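Data block for target-v3.pdb (PDB, C-alpha atoms):
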ATOM      1  CA  MET L   1       0.000   0.000   0.000
ATOM      2  CA  THR L   2       2.888   2.381   0.735
ATOM      3  CA  ALA L   3       4.347   1.753  -2.722
ATOM      4  CA  LEU L   4       0.933   2.359  -4.306
ATOM      5  CA  TYR L   5       0.520   5.785  -2.747
ATOM      6  CA  ASP L   6       4.138   6.706  -3.356
ATOM      7  CA  ARG L   7       3.314   6.159  -7.037
ATOM      8  CA  ILE L   8      -0.066   7.916  -7.011
ATOM      9  CA  GLY L   9       1.338  10.786  -4.961
ATOM     10  CA  ARG L  10       3.583  12.037  -7.749
ATOM     11  CA  ASP L  11       0.618  13.339  -9.785
ATOM     12  CA  TYR L  12      -2.121  13.260  -7.146
ATOM     13  CA  ASP L  13      -2.765  16.987  -7.003
ATOM     14  CA  VAL L  14      -3.416  17.269 -10.719
ATOM     15  CA  THR L  15      -7.054  16.360 -10.081
ATOM     16  CA  ARG L  16      -7.404  16.180  -6.300
ATOM     17  CA  GLN L  17      -8.098  19.163  -4.062
ATOM     18  CA  ALA L  18     -10.142  19.882  -0.971
ATOM     19  CA  ASP L  19     -13.814  20.411  -1.707
ATOM     20  CA  PRO L  20     -15.162  23.444   0.246
ATOM     21  CA  GLU L  21     -18.429  21.767   1.254
ATOM     22  CA  ILE L  22     -16.674  18.681   2.586
ATOM     23  CA  VAL L  23     -14.270  20.920   4.519
ATOM     24  CA  ARG L  24     -17.171  22.918   5.940
ATOM     25  CA  ARG L  25     -18.951  19.792   7.155
ATOM     26  CA  LEU L  26     -15.793  18.282   8.624
ATOM     27  CA  ARG L  27     -15.292  21.504  10.592
ATOM     28  CA  VAL L  28     -18.892  21.534  11.807
ATOM     29  CA  HIS L  29     -18.750  17.901  12.918
ATOM     30  CA  LEU L  30     -15.491  18.408  14.831
ATOM     31  CA  GLN L  31     -17.211  21.015  17.031
ATOM     32  CA  LEU L  32     -13.954  22.666  18.099
ATOM     33  CA  ARG L  33     -12.850  26.215  18.758
ATOM     34  CA  ASP L  34     -10.104  27.794  16.704
ATOM     35  CA  GLY L  35      -6.598  26.823  17.724
ATOM     36  CA  ARG L  36      -7.421  23.334  18.961
ATOM     37  CA  PRO L  37      -5.070  20.476  17.889
ATOM     38  CA  VAL L  38      -6.494  18.042  15.332
ATOM     39  CA  LEU L  39      -4.924  14.997  13.658
ATOM     40  CA  ASP L  40      -5.688  14.163  10.029
ATOM     41  CA  VAL L  41      -5.068  10.424   9.671
ATOM     42  CA  GLY L  42      -4.172   9.208   6.174
ATOM     43  CA  CYS L  43      -3.770  12.817   5.088
ATOM     44  CA  GLY L  44      -2.309  12.049   1.651
ATOM     45  CA  THR L  45      -0.854  15.181   0.093
ATOM     46  CA  GLY L  46      -2.582  17.263   2.739
ATOM     47  CA  ASN L  47      -5.337  19.000   0.817
ATOM     48  CA  TYR L  48      -7.953  18.634   3.546
ATOM     49  CA  THR L  49      -5.386  19.077   6.308
ATOM     50  CA  ILE L  50      -4.356  22.444   4.916
ATOM     51  CA  ALA L  51      -7.953  23.497   4.270
ATOM     52  CA  LEU L  52      -8.892  22.697   7.879
ATOM     53  CA  ALA L  53      -5.846  24.613   9.124
ATOM     54  CA  GLU L  54      -7.078  27.595   7.151
ATOM     55  CA  THR L  55     -10.325  27.471   9.146
ATOM     56  CA  GLY L  56      -8.343  28.066  12.339
ATOM     57  CA  LEU L  57      -7.480  24.611  13.624
ATOM     58  CA  MET L  58      -3.964  23.544  14.605
ATOM     59  CA  MET L  59      -3.487  20.616  12.241
ATOM     60  CA  THR L  60      -1.121  17.661  12.124
ATOM     61  CA  GLY L  61      -1.163  15.428   9.055
ATOM     62  CA  ALA L  62      -0.007  11.806   9.168
ATOM     63  CA  ASP L  63       0.375   9.415   6.257
ATOM     64  CA  VAL L  64       2.296   6.194   5.661
ATOM     65  CA  SER L  65       3.489   7.341   2.220
ATOM     66  CA  ARG L  66       6.718   9.321   2.161
ATOM     67  CA  GLU L  67       5.864  10.651  -1.292
ATOM     68  CA  MET L  68       2.492  11.953  -0.109
ATOM     69  CA  ILE L  69       4.117  13.659   2.889
ATOM     70  CA  ARG L  70       6.821  15.137   0.667
ATOM     71  CA  GLN L  71       4.137  16.671  -1.541
ATOM     72  CA  ALA L  72       2.312  18.008   1.518
ATOM     73  CA  GLU L  73       5.457  19.586   2.965
ATOM     74  CA  ARG L  74       5.992  21.543  -0.242
ATOM     75  CA  LYS L  75       2.485  23.015  -0.003
ATOM     76  CA  SER L  76       2.362  24.242   3.578
ATOM     77  CA  ASP L  77       4.631  24.824   6.566
ATOM     78  CA  ARG L  78       1.628  25.783   8.673
ATOM     79  CA  VAL L  79       0.847  22.110   9.301
ATOM     80  CA  LYS L  80       3.025  19.584  11.107
ATOM     81  CA  TRP L  81       3.614  16.673   8.722
ATOM     82  CA  VAL L  82       4.505  13.186   9.954
ATOM     83  CA  GLN L  83       5.183  10.010   8.010
ATOM     84  CA  ALA L  84       3.572   7.321  10.146
ATOM     85  CA  ASP L  85       1.628   4.087  10.070
ATOM     86  CA  ALA L  86      -1.895   4.717  11.366
ATOM     87  CA  GLU L  87      -1.674   1.459  13.313
ATOM     88  CA  ALA L  88       1.205   2.864  15.391
ATOM     89  CA  LEU L  89       0.830   6.629  15.666
ATOM     90  CA  PRO L  90       3.971   8.332  17.055
ATOM     91  CA  PHE L  91       2.146  10.655  19.455
ATOM     92  CA  PRO L  92       1.675  10.579  23.242
ATOM     93  CA  ASP L  93      -1.701   9.742  24.744
ATOM     94  CA  GLY L  94      -4.162  12.621  24.733
ATOM     95  CA  THR L  95      -2.300  14.816  22.236
ATOM     96  CA  PHE L  96      -5.286  15.950  20.148
ATOM     97  CA  ASP L  97      -8.802  17.308  20.623
ATOM     98  CA  GLY L  98     -10.141  15.890  17.365
ATOM     99  CA  ALA L  99      -9.266  13.750  14.374
ATOM    100  CA  THR L 100     -10.321  13.267  10.760
ATOM    101  CA  MET L 101     -10.045  10.470   8.218
ATOM    102  CA  VAL L 102     -10.949  11.466   4.667
ATOM    103  CA  LEU L 103     -11.445   8.758   2.031
ATOM    104  CA  CYS L 104      -8.869   6.436   3.544
ATOM    105  CA  ALA L 105     -10.707   4.001   5.836
ATOM    106  CA  HIS L 106     -10.929   1.385   3.060
ATOM    107  CA  HIS L 107      -7.138   1.378   2.745
ATOM    108  CA  MET L 108      -6.564   0.552   6.418
ATOM    109  CA  GLN L 109      -5.875  -3.175   6.702
ATOM    110  CA  LYS L 110      -6.510  -3.312  10.449
ATOM    111  CA  ILE L 111      -9.144  -0.639  10.924
ATOM    112  CA  GLY L 112      -9.825  -1.625  14.531
ATOM    113  CA  LYS L 113      -6.183  -1.037  15.426
ATOM    114  CA  VAL L 114      -6.268   2.319  13.663
ATOM    115  CA  PHE L 115      -9.346   3.391  15.633
ATOM    116  CA  SER L 116      -7.702   2.279  18.878
ATOM    117  CA  GLU L 117      -4.640   4.367  18.086
ATOM    118  CA  VAL L 118      -6.741   7.406  17.197
ATOM    119  CA  CYS L 119      -8.735   7.018  20.409
ATOM    120  CA  ARG L 120      -5.486   6.770  22.381
ATOM    121  CA  VAL L 121      -4.027  10.009  21.001
ATOM    122  CA  LEU L 122      -7.290  11.905  21.547
ATOM    123  CA  ARG L 123      -7.640  13.762  24.831
ATOM    124  CA  SER L 124     -11.346  14.125  24.134
ATOM    125  CA  GLY L 125     -13.465  15.109  21.177
ATOM    126  CA  ARG L 126     -14.525  13.528  17.936
ATOM    127  CA  LEU L 127     -13.233  11.436  15.089
ATOM    128  CA  VAL L 128     -14.905  12.456  11.817
ATOM    129  CA  ILE L 129     -14.646   9.981   8.940
ATOM    130  CA  PHE L 130     -15.576  10.766   5.343
ATOM    131  CA  THR L 131     -16.113   7.566   3.385
ATOM    132  CA  SER L 132     -18.644   5.593   1.359
ATOM    133  CA  SER L 133     -20.437   2.327   1.994
ATOM    134  CA  PRO L 134     -20.840  -0.783  -0.168
ATOM    135  CA  GLU L 135     -24.578  -0.096  -0.299
ATOM    136  CA  GLN L 136     -23.948   3.364  -1.717
ATOM    137  CA  MET L 137     -21.357   2.152  -4.217
ATOM    138  CA  GLU L 138     -23.737  -0.482  -5.549
ATOM    139  CA  ARG L 139     -25.814   2.406  -6.940
ATOM    140  CA  TYR L 140     -22.920   4.172  -8.683
ATOM    141  CA  TRP L 141     -23.717   4.176 -12.412
ATOM    142  CA  LEU L 142     -20.009   3.501 -13.004
ATOM    143  CA  ARG L 143     -20.924  -0.170 -12.512
ATOM    144  CA  GLU L 144     -22.475  -0.098 -15.989
ATOM    145  CA  TYR L 145     -19.070   0.519 -17.563
ATOM    146  CA  PHE L 146     -16.505  -0.838 -15.092
ATOM    147  CA  PRO L 147     -18.386  -3.669 -13.328
ATOM    148  CA  ARG L 148     -15.424  -5.743 -12.166
ATOM    149  CA  ALA L 149     -13.526  -2.764 -10.775
ATOM    150  CA  LEU L 150     -16.597  -1.448  -8.942
ATOM    151  CA  GLU L 151     -17.380  -4.885  -7.552
ATOM    152  CA  ALA L 152     -13.832  -5.100  -6.207
ATOM    153  CA  ALA L 153     -14.168  -1.590  -4.763
ATOM    154  CA  CYS L 154     -17.393  -2.599  -2.994
ATOM    155  CA  ARG L 155     -15.655  -5.588  -1.446
ATOM    156  CA  GLN L 156     -12.805  -3.376  -0.295
ATOM    157  CA  MET L 157     -15.095  -0.819   1.353
ATOM    158  CA  PRO L 158     -15.915  -1.654   5.006
ATOM    159  CA  PRO L 159     -19.654  -1.585   5.819
ATOM    160  CA  VAL L 160     -20.914   1.091   8.188
ATOM    161  CA  SER L 161     -21.924  -1.600  10.672
ATOM    162  CA  LEU L 162     -18.345  -2.870  10.801
ATOM    163  CA  LEU L 163     -16.882   0.608  11.196
ATOM    164  CA  THR L 164     -19.350   1.394  13.979
ATOM    165  CA  ALA L 165     -18.563  -1.852  15.786
ATOM    166  CA  ARG L 166     -14.814  -1.263  15.584
ATOM    167  CA  LEU L 167     -15.204   2.338  16.739
ATOM    168  CA  LYS L 168     -17.120   1.253  19.822
ATOM    169  CA  GLU L 169     -14.605  -1.491  20.566
ATOM    170  CA  ALA L 170     -11.851   1.134  20.386
ATOM    171  CA  GLY L 171     -13.569   3.318  22.982
ATOM    172  CA  PHE L 172     -15.723   5.671  20.914
ATOM    173  CA  VAL L 173     -19.384   6.300  21.672
ATOM    174  CA  ARG L 174     -22.390   7.942  20.021
ATOM    175  CA  CYS L 175     -21.457   6.953  16.484
ATOM    176  CA  GLU L 176     -23.671   8.743  13.964
ATOM    177  CA  ALA L 177     -23.791   8.839  10.165
ATOM    178  CA  GLU L 178     -24.780  11.649   7.800
ATOM    179  CA  THR L 179     -25.113  11.172   4.047
ATOM    180  CA  PHE L 180     -23.394  13.295   1.419
ATOM    181  CA  LEU L 181     -24.614  13.838  -2.141
ATOM    182  CA  VAL L 182     -22.123  14.607  -4.903
ATOM    183  CA  GLN L 183     -22.908  17.962  -6.530
ATOM    184  CA  PRO L 184     -22.038  19.053 -10.088
ATOM    185  CA  ASP L 185     -19.463  21.548  -8.787
ATOM    186  CA  LEU L 186     -17.565  19.067  -6.597
ATOM    187  CA  GLN L 187     -13.904  20.105  -6.666
ATOM    188  CA  ASP L 188     -12.227  16.916  -5.419
ATOM    189  CA  LEU L 189     -12.204  14.422  -8.272
ATOM    190  CA  PHE L 190     -12.481  11.180  -6.300
ATOM    191  CA  LEU L 191     -14.283   8.035  -7.485
ATOM    192  CA  TYR L 192     -17.878   9.258  -7.925
ATOM    193  CA  SER L 193     -17.011  12.891  -8.594
ATOM    194  CA  GLY L 194     -18.265  12.429 -12.155
ATOM    195  CA  LYS L 195     -21.774  11.478 -11.079
ATOM    196  CA  HIS L 196     -23.121  14.537 -12.928
ATOM    197  CA  ARG L 197     -20.119  14.887 -15.283
ATOM    198  CA  PRO L 198     -19.595  11.518 -17.002
ATOM    199  CA  HIS L 199     -16.967  12.911 -19.373
ATOM    200  CA  LEU L 200     -14.517  13.196 -16.463
ATOM    201  CA  TYR L 201     -13.830   9.462 -16.562
ATOM    202  CA  LEU L 202     -12.585   9.709 -20.140
ATOM    203  CA  ASP L 203      -9.638  11.783 -18.906
ATOM    204  CA  PRO L 204      -6.612   9.595 -18.015
ATOM    205  CA  ALA L 205      -5.420  12.243 -15.546
ATOM    206  CA  VAL L 206      -8.684  11.959 -13.591
ATOM    207  CA  ARG L 207      -8.494   8.169 -13.523
ATOM    208  CA  ALA L 208      -4.845   8.344 -12.402
ATOM    209  CA  GLY L 209      -5.924  10.117  -9.198
ATOM    210  CA  ILE L 210      -8.544   7.484  -8.309
ATOM    211  CA  SER L 211      -7.246   4.354  -6.589
ATOM    212  CA  THR L 212     -10.057   2.170  -7.965
ATOM    213  CA  PHE L 213      -8.816   2.733 -11.504
ATOM    214  CA  VAL L 214      -5.161   2.512 -10.540
ATOM    215  CA  THR L 215      -5.317  -0.680  -8.481
ATOM    216  CA  LEU L 216      -8.576  -2.521  -9.176
ATOM    217  CA  ALA L 217      -9.357  -1.977 -12.864
ATOM    218  CA  GLU L 218      -7.669  -3.982 -15.625
ATOM    219  CA  GLU L 219      -6.500  -2.076 -18.688
ATOM    220  CA  GLU L 220      -8.912  -3.915 -20.967
ATOM    221  CA  GLU L 221     -11.899  -3.087 -18.773
ATOM    222  CA  ILE L 222     -10.880   0.564 -18.687
ATOM    223  CA  ARG L 223     -10.468   0.639 -22.473
ATOM    224  CA  THR L 224     -13.786  -1.021 -23.301
ATOM    225  CA  GLY L 225     -15.615   0.811 -20.518
ATOM    226  CA  CYS L 226     -14.424   4.193 -21.746
ATOM    227  CA  GLU L 227     -15.404   3.310 -25.323
ATOM    228  CA  ARG L 228     -18.934   2.431 -24.208
ATOM    229  CA  LEU L 229     -19.161   5.499 -21.983
ATOM    230  CA  ARG L 230     -17.987   7.780 -24.789
ATOM    231  CA  ALA L 231     -20.599   6.328 -27.125
ATOM    232  CA  ASP L 232     -23.374   6.679 -24.533
ATOM    233  CA  ILE L 233     -22.450  10.290 -23.822
ATOM    234  CA  LYS L 234     -22.588  11.034 -27.547
ATOM    235  CA  SER L 235     -25.928   9.279 -28.045
ATOM    236  CA  GLY L 236     -27.493  10.576 -24.827
ATOM    237  CA  ARG L 237     -28.049   7.068 -23.439
ATOM    238  CA  ILE L 238     -25.984   8.044 -20.395
ATOM    239  CA  ASP L 239     -29.009   9.878 -19.006
ATOM    240  CA  ARG L 240     -31.005   6.642 -18.994
ATOM    241  CA  VAL L 241     -28.131   4.765 -17.353
ATOM    242  CA  ARG L 242     -27.921   7.343 -14.590
ATOM    243  CA  GLU L 243     -31.669   7.038 -13.975
ATOM    244  CA  LEU L 244     -31.421   3.254 -13.710
ATOM    245  CA  TYR L 245     -28.807   3.500 -10.969
ATOM    246  CA  ALA L 246     -30.456   6.263  -8.958
ATOM    247  CA  GLY L 247     -30.694   5.471  -5.233
ATOM    248  CA  ASN L 248     -31.782   7.055  -1.979
ATOM    249  CA  ARG L 249     -28.852   6.194   0.309
ATOM    250  CA  GLY L 250     -26.594   9.083  -0.667
ATOM    251  CA  ASP L 251     -23.242   8.875  -2.424
ATOM    252  CA  TYR L 252     -20.839   9.166   0.532
ATOM    253  CA  LEU L 253     -21.221   9.698   4.251
ATOM    254  CA  PHE L 254     -19.717  11.254   7.326
ATOM    255  CA  ILE L 255     -19.338   8.981  10.350
ATOM    256  CA  VAL L 256     -18.917  10.916  13.582
ATOM    257  CA  ALA L 257     -17.730   9.182  16.732
ATOM    258  CA  GLU L 258     -16.995  10.768  20.093
ATOM    259  CA  LYS L 259     -14.416   9.541  22.567
ATOM    260  CA  GLY L 260     -16.111   8.158  25.656
TER
END
Structure encoded using C-alpha cells:
Amino acid sequence: MTALYDRIGRDYDVTRQADPEIVRRLRVHLQLRDGRPVLDVGCGTGNYTIALAETGLMMTGADVSREMIRQAERKSDRVKWVQADAEALPFPDGTFDGATMVLCAHHMQKIGKVFSEVCRVLRSGRLVIFTSSPEQMERYWLREYFPRALEAACRQMPPVSLLTARLKEAGFVRCEAETFLVQPDLQDLFLYSGKHRPHLYLDPAVRAGISTFVTLAEEEEIRTGCERLRADIKSGRIDRVRELYAGNRGDYLFIVAEKG
C-alpha cells in the first residue's frame, strides 16, 4: 500500500483538491474552537489538512506514504507533517482534541487497530470519517461501464456496521452517520465525482488520481468501458443509465464518533 501511494502521490494533485463543502462539514462535525489540535489520519498530500488549518485549527497530518508527505510539505509549513503508520501513531496519549479520516478508511488493513490508536491520542473530542459504503457504491452508475472494478471496490469498502462496531470497541461512543450527495461543482475528483459529469472518466489524468482505476481496474476493462461510456455520452443514453442507478442512500457519508 505504501508503494501504491508513493506512485499515485507524484501526480495526485493534478485532479485532487479539498472540496469546500466537505471541509465545511468536517469543521462543523469536529465542534472545536479555533486553535485546537487536530490529527488528520491518512492525510495524503494534505489538501484537507491544509484546508482545515485555514479554518483556524492547529493541524497535524499523518500518512504512511513518504511521497504523499513530501508533496504536503511543499504546499504548507503551517501544518506539522509526519510520516507514520496509522496502526502505530507516534504521538503521546491525549495529544489531540479531534481527528479526521478522509477517504482512507478502506485502505486501512486493520481498521480496529487504527481506531484504537486514534482514540489513544485523543484527549477528548470527535473522530470524523468521510467515506462511502458498499450499499452506496452499488448504486454508482459507473458499474455499468466498469463492473469488475466497482465490484472489487465494494468488497474493499468496510460496511458502516463494521466501522461502527470497531469504533465502539476502540472506545468511541455515540457513532452517527450523515449522508453526502455529490454535486455538479464538486472540486475533489475522487471516485464518484463524475456522477453529474460523465466525461470526467474519459480523462486519463482523472483516472490516475482514483485508486479504484489505478489498483482494481484492468487495462482492458478501462479501455472497453471508456469506449462504451464515450458512445453513450454522444448518443445521450448516459441519461437513462444514470436514472437506472439512482438510489436514496446518498453517495458518501460522514461517520462521527466521540471519545467516551
Separation of CA of Met58 in chain L from CA of Ser76 in chain L in Å: 12.7 Å
For the structure shown, which residues end up in the PyMOL selection byres ((chain L and resi 177) around 6)? Put them as a compact mmCIF listing (two decimals) with C-alpha atoms, in the frame of the given file, please?
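Once everything was written out, this is selection-v9.txt:
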# COMPACT_ATOMS: atom_id res chain seq x y z
CA GLU L 176 -23.67 8.74 13.96
CA GLU L 178 -24.78 11.65 7.80
CA PHE L 254 -19.72 11.25 7.33
CA ILE L 255 -19.34 8.98 10.35
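Proximity ranking of L:Cys226, L:Leu189, L:Ala62, L:Cys119 relative to Thr49 in chain L places L:Ala62 first, based on only C-alpha atoms.
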Counting all atoms listed in the file, which residues come within 12 Å of (-19.9, -0.5, -23.7), with the point read in the file's coordinates, and could you list them as an mmCIF file with C-alpha atoms, in the frame of the given file?
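Output below, filename part_16.cif:
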data_model
loop_
_atom_site.group_PDB
_atom_site.id
_atom_site.type_symbol
_atom_site.label_atom_id
_atom_site.label_comp_id
_atom_site.auth_asym_id
_atom_site.auth_seq_id
_atom_site.Cartn_x
_atom_site.Cartn_y
_atom_site.Cartn_z
ATOM 1 C CA LEU L 142 -20.009 3.501 -13.004
ATOM 2 C CA ARG L 143 -20.924 -0.170 -12.512
ATOM 3 C CA GLU L 144 -22.475 -0.098 -15.989
ATOM 4 C CA TYR L 145 -19.070 0.519 -17.563
ATOM 5 C CA PHE L 146 -16.505 -0.838 -15.092
ATOM 6 C CA PRO L 147 -18.386 -3.669 -13.328
ATOM 7 C CA GLU L 220 -8.912 -3.915 -20.967
ATOM 8 C CA GLU L 221 -11.899 -3.087 -18.773
ATOM 9 C CA ILE L 222 -10.880 0.564 -18.687
ATOM 10 C CA ARG L 223 -10.468 0.639 -22.473
ATOM 11 C CA THR L 224 -13.786 -1.021 -23.301
ATOM 12 C CA GLY L 225 -15.615 0.811 -20.518
ATOM 13 C CA CYS L 226 -14.424 4.193 -21.746
ATOM 14 C CA GLU L 227 -15.404 3.310 -25.323
ATOM 15 C CA ARG L 228 -18.934 2.431 -24.208
ATOM 16 C CA LEU L 229 -19.161 5.499 -21.983
ATOM 17 C CA ARG L 230 -17.987 7.780 -24.789
ATOM 18 C CA ALA L 231 -20.599 6.328 -27.125
ATOM 19 C CA ASP L 232 -23.374 6.679 -24.533
ATOM 20 C CA ILE L 233 -22.450 10.290 -23.822
ATOM 21 C CA ARG L 237 -28.049 7.068 -23.439
ATOM 22 C CA ILE L 238 -25.984 8.044 -20.395
ATOM 23 C CA VAL L 241 -28.131 4.765 -17.353
#
Expected selection from the PyMOL selection byres ((chain L and resi 43) around 6), given as a ChimeraX atom specification: /L:40-42,44,46,61-63
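With all atoms listed in the file as the basis for measurement, L:Phe190 is the residue among L:Phe190, L:Phe115, L:Tyr48, L:Trp141 that approaches Ala208 in chain L most closely.
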Result set of the PyMOL selection byres ((chain L and resi 162-169) around 12) on the coordinates above, as JSON, numbers by chain: {"L": [105, 106, 108, 110, 111, 112, 113, 114, 115, 116, 117, 118, 119, 126, 127, 128, 129, 130, 131, 132, 133, 134, 157, 158, 159, 160, 161, 170, 171, 172, 173, 174, 175, 176, 177, 254, 255, 256, 257, 258, 259, 260]}
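The space between CA of Lys75 in chain L and CA of Arg120 in chain L spans 28.8 Å.
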Residue nearest Arg155 in chain L - candidates L:Ile50, L:Ile69, L:Val182, L:Leu216, atoms counted: all atoms listed in the file: L:Leu216
Kindly reconstruct range 77-86 of chain L with all heavy atoms and present the result as a PDB file, in the frame of the given file.
ATOM      1  N   ASP L  77       3.832  24.991   5.344  1.00  0.00           N
ATOM      2  CA  ASP L  77       4.631  24.824   6.566  1.00  0.00           C
ATOM      3  C   ASP L  77       3.820  25.217   7.795  1.00  0.00           C
ATOM      4  O   ASP L  77       4.339  25.308   8.899  1.00  0.00           O
ATOM      5  CB  ASP L  77       5.924  25.636   6.493  1.00  0.00           C
ATOM      6  CG  ASP L  77       5.679  27.125   6.271  1.00  0.00           C
ATOM      7  OD1 ASP L  77       4.497  27.550   6.256  1.00  0.00           O
ATOM      8  OD2 ASP L  77       6.666  27.863   6.107  1.00  0.00           O
ATOM      9  N   ARG L  78       2.532  25.431   7.575  1.00  0.00           N
ATOM     10  CA  ARG L  78       1.628  25.783   8.673  1.00  0.00           C
ATOM     11  C   ARG L  78       1.178  24.532   9.425  1.00  0.00           C
ATOM     12  O   ARG L  78       0.749  24.606  10.583  1.00  0.00           O
ATOM     13  CB  ARG L  78       0.416  26.530   8.116  1.00  0.00           C
ATOM     14  CG  ARG L  78      -0.590  26.989   9.146  1.00  0.00           C
ATOM     15  CD  ARG L  78      -1.678  27.804   8.470  1.00  0.00           C
ATOM     16  NE  ARG L  78      -2.684  28.243   9.420  1.00  0.00           N
ATOM     17  CZ  ARG L  78      -3.728  29.005   9.108  1.00  0.00           C
ATOM     18  NH1 ARG L  78      -3.883  29.416   7.854  1.00  0.00           N
ATOM     19  NH2 ARG L  78      -4.603  29.357  10.016  1.00  0.00           N
ATOM     20  N   VAL L  79       1.278  23.392   8.745  1.00  0.00           N
ATOM     21  CA  VAL L  79       0.847  22.110   9.301  1.00  0.00           C
ATOM     22  C   VAL L  79       2.075  21.299   9.682  1.00  0.00           C
ATOM     23  O   VAL L  79       3.108  21.351   9.016  1.00  0.00           O
ATOM     24  CB  VAL L  79       0.018  21.334   8.256  1.00  0.00           C
ATOM     25  CG1 VAL L  79      -0.298  19.927   8.743  1.00  0.00           C
ATOM     26  CG2 VAL L  79      -1.263  22.087   7.926  1.00  0.00           C
ATOM     27  N   LYS L  80       1.974  20.527  10.755  1.00  0.00           N
ATOM     28  CA  LYS L  80       3.025  19.584  11.107  1.00  0.00           C
ATOM     29  C   LYS L  80       2.772  18.290  10.346  1.00  0.00           C
ATOM     30  O   LYS L  80       1.714  17.684  10.464  1.00  0.00           O
ATOM     31  CB  LYS L  80       3.022  19.298  12.613  1.00  0.00           C
ATOM     32  CG  LYS L  80       4.086  18.295  13.037  1.00  0.00           C
ATOM     33  CD  LYS L  80       4.045  18.041  14.543  1.00  0.00           C
ATOM     34  CE  LYS L  80       5.098  17.016  14.948  1.00  0.00           C
ATOM     35  NZ  LYS L  80       5.061  16.734  16.413  1.00  0.00           N
ATOM     36  N   TRP L  81       3.759  17.862   9.539  1.00  0.00           N
ATOM     37  CA  TRP L  81       3.614  16.673   8.722  1.00  0.00           C
ATOM     38  C   TRP L  81       4.444  15.528   9.288  1.00  0.00           C
ATOM     39  O   TRP L  81       5.619  15.718   9.628  1.00  0.00           O
ATOM     40  CB  TRP L  81       4.055  16.956   7.284  1.00  0.00           C
ATOM     41  CG  TRP L  81       3.321  18.094   6.651  1.00  0.00           C
ATOM     42  CD1 TRP L  81       3.817  19.338   6.387  1.00  0.00           C
ATOM     43  CD2 TRP L  81       1.960  18.112   6.215  1.00  0.00           C
ATOM     44  NE1 TRP L  81       2.862  20.133   5.809  1.00  0.00           N
ATOM     45  CE2 TRP L  81       1.710  19.411   5.685  1.00  0.00           C
ATOM     46  CE3 TRP L  81       0.929  17.167   6.209  1.00  0.00           C
ATOM     47  CZ2 TRP L  81       0.474  19.767   5.163  1.00  0.00           C
ATOM     48  CZ3 TRP L  81      -0.296  17.521   5.690  1.00  0.00           C
ATOM     49  CH2 TRP L  81      -0.525  18.808   5.169  1.00  0.00           C
ATOM     50  N   VAL L  82       3.832  14.336   9.368  1.00  0.00           N
ATOM     51  CA  VAL L  82       4.505  13.186   9.954  1.00  0.00           C
ATOM     52  C   VAL L  82       4.260  11.957   9.088  1.00  0.00           C
ATOM     53  O   VAL L  82       3.110  11.632   8.778  1.00  0.00           O
ATOM     54  CB  VAL L  82       3.980  12.903  11.386  1.00  0.00           C
ATOM     55  CG1 VAL L  82       4.681  11.686  11.981  1.00  0.00           C
ATOM     56  CG2 VAL L  82       4.168  14.120  12.275  1.00  0.00           C
ATOM     57  N   GLN L  83       5.339  11.294   8.675  1.00  0.00           N
ATOM     58  CA  GLN L  83       5.183  10.010   8.010  1.00  0.00           C
ATOM     59  C   GLN L  83       5.002   8.950   9.084  1.00  0.00           C
ATOM     60  O   GLN L  83       5.884   8.762   9.932  1.00  0.00           O
ATOM     61  CB  GLN L  83       6.400   9.676   7.148  1.00  0.00           C
ATOM     62  CG  GLN L  83       6.241   8.358   6.394  1.00  0.00           C
ATOM     63  CD  GLN L  83       7.496   7.956   5.635  1.00  0.00           C
ATOM     64  OE1 GLN L  83       8.535   8.599   5.766  1.00  0.00           O
ATOM     65  NE2 GLN L  83       7.394   6.900   4.848  1.00  0.00           N
ATOM     66  N   ALA L  84       3.869   8.274   9.066  1.00  0.00           N
ATOM     67  CA  ALA L  84       3.572   7.321  10.146  1.00  0.00           C
ATOM     68  C   ALA L  84       2.521   6.323   9.711  1.00  0.00           C
ATOM     69  O   ALA L  84       1.618   6.640   8.929  1.00  0.00           O
ATOM     70  CB  ALA L  84       3.086   8.069  11.388  1.00  0.00           C
ATOM     71  N   ASP L  85       2.632   5.123  10.242  1.00  0.00           N
ATOM     72  CA  ASP L  85       1.628   4.087  10.070  1.00  0.00           C
ATOM     73  C   ASP L  85       0.483   4.380  11.035  1.00  0.00           C
ATOM     74  O   ASP L  85       0.704   4.581  12.232  1.00  0.00           O
ATOM     75  CB  ASP L  85       2.252   2.720  10.383  1.00  0.00           C
ATOM     76  CG  ASP L  85       1.332   1.557  10.049  1.00  0.00           C
ATOM     77  OD1 ASP L  85       0.099   1.740  10.039  1.00  0.00           O
ATOM     78  OD2 ASP L  85       1.851   0.456   9.814  1.00  0.00           O
ATOM     79  N   ALA L  86      -0.739   4.402  10.523  1.00  0.00           N
ATOM     80  CA  ALA L  86      -1.895   4.717  11.366  1.00  0.00           C
ATOM     81  C   ALA L  86      -2.127   3.678  12.445  1.00  0.00           C
ATOM     82  O   ALA L  86      -2.834   3.940  13.424  1.00  0.00           O
ATOM     83  CB  ALA L  86      -3.150   4.859  10.506  1.00  0.00           C
TER      84      ALA L  86
END
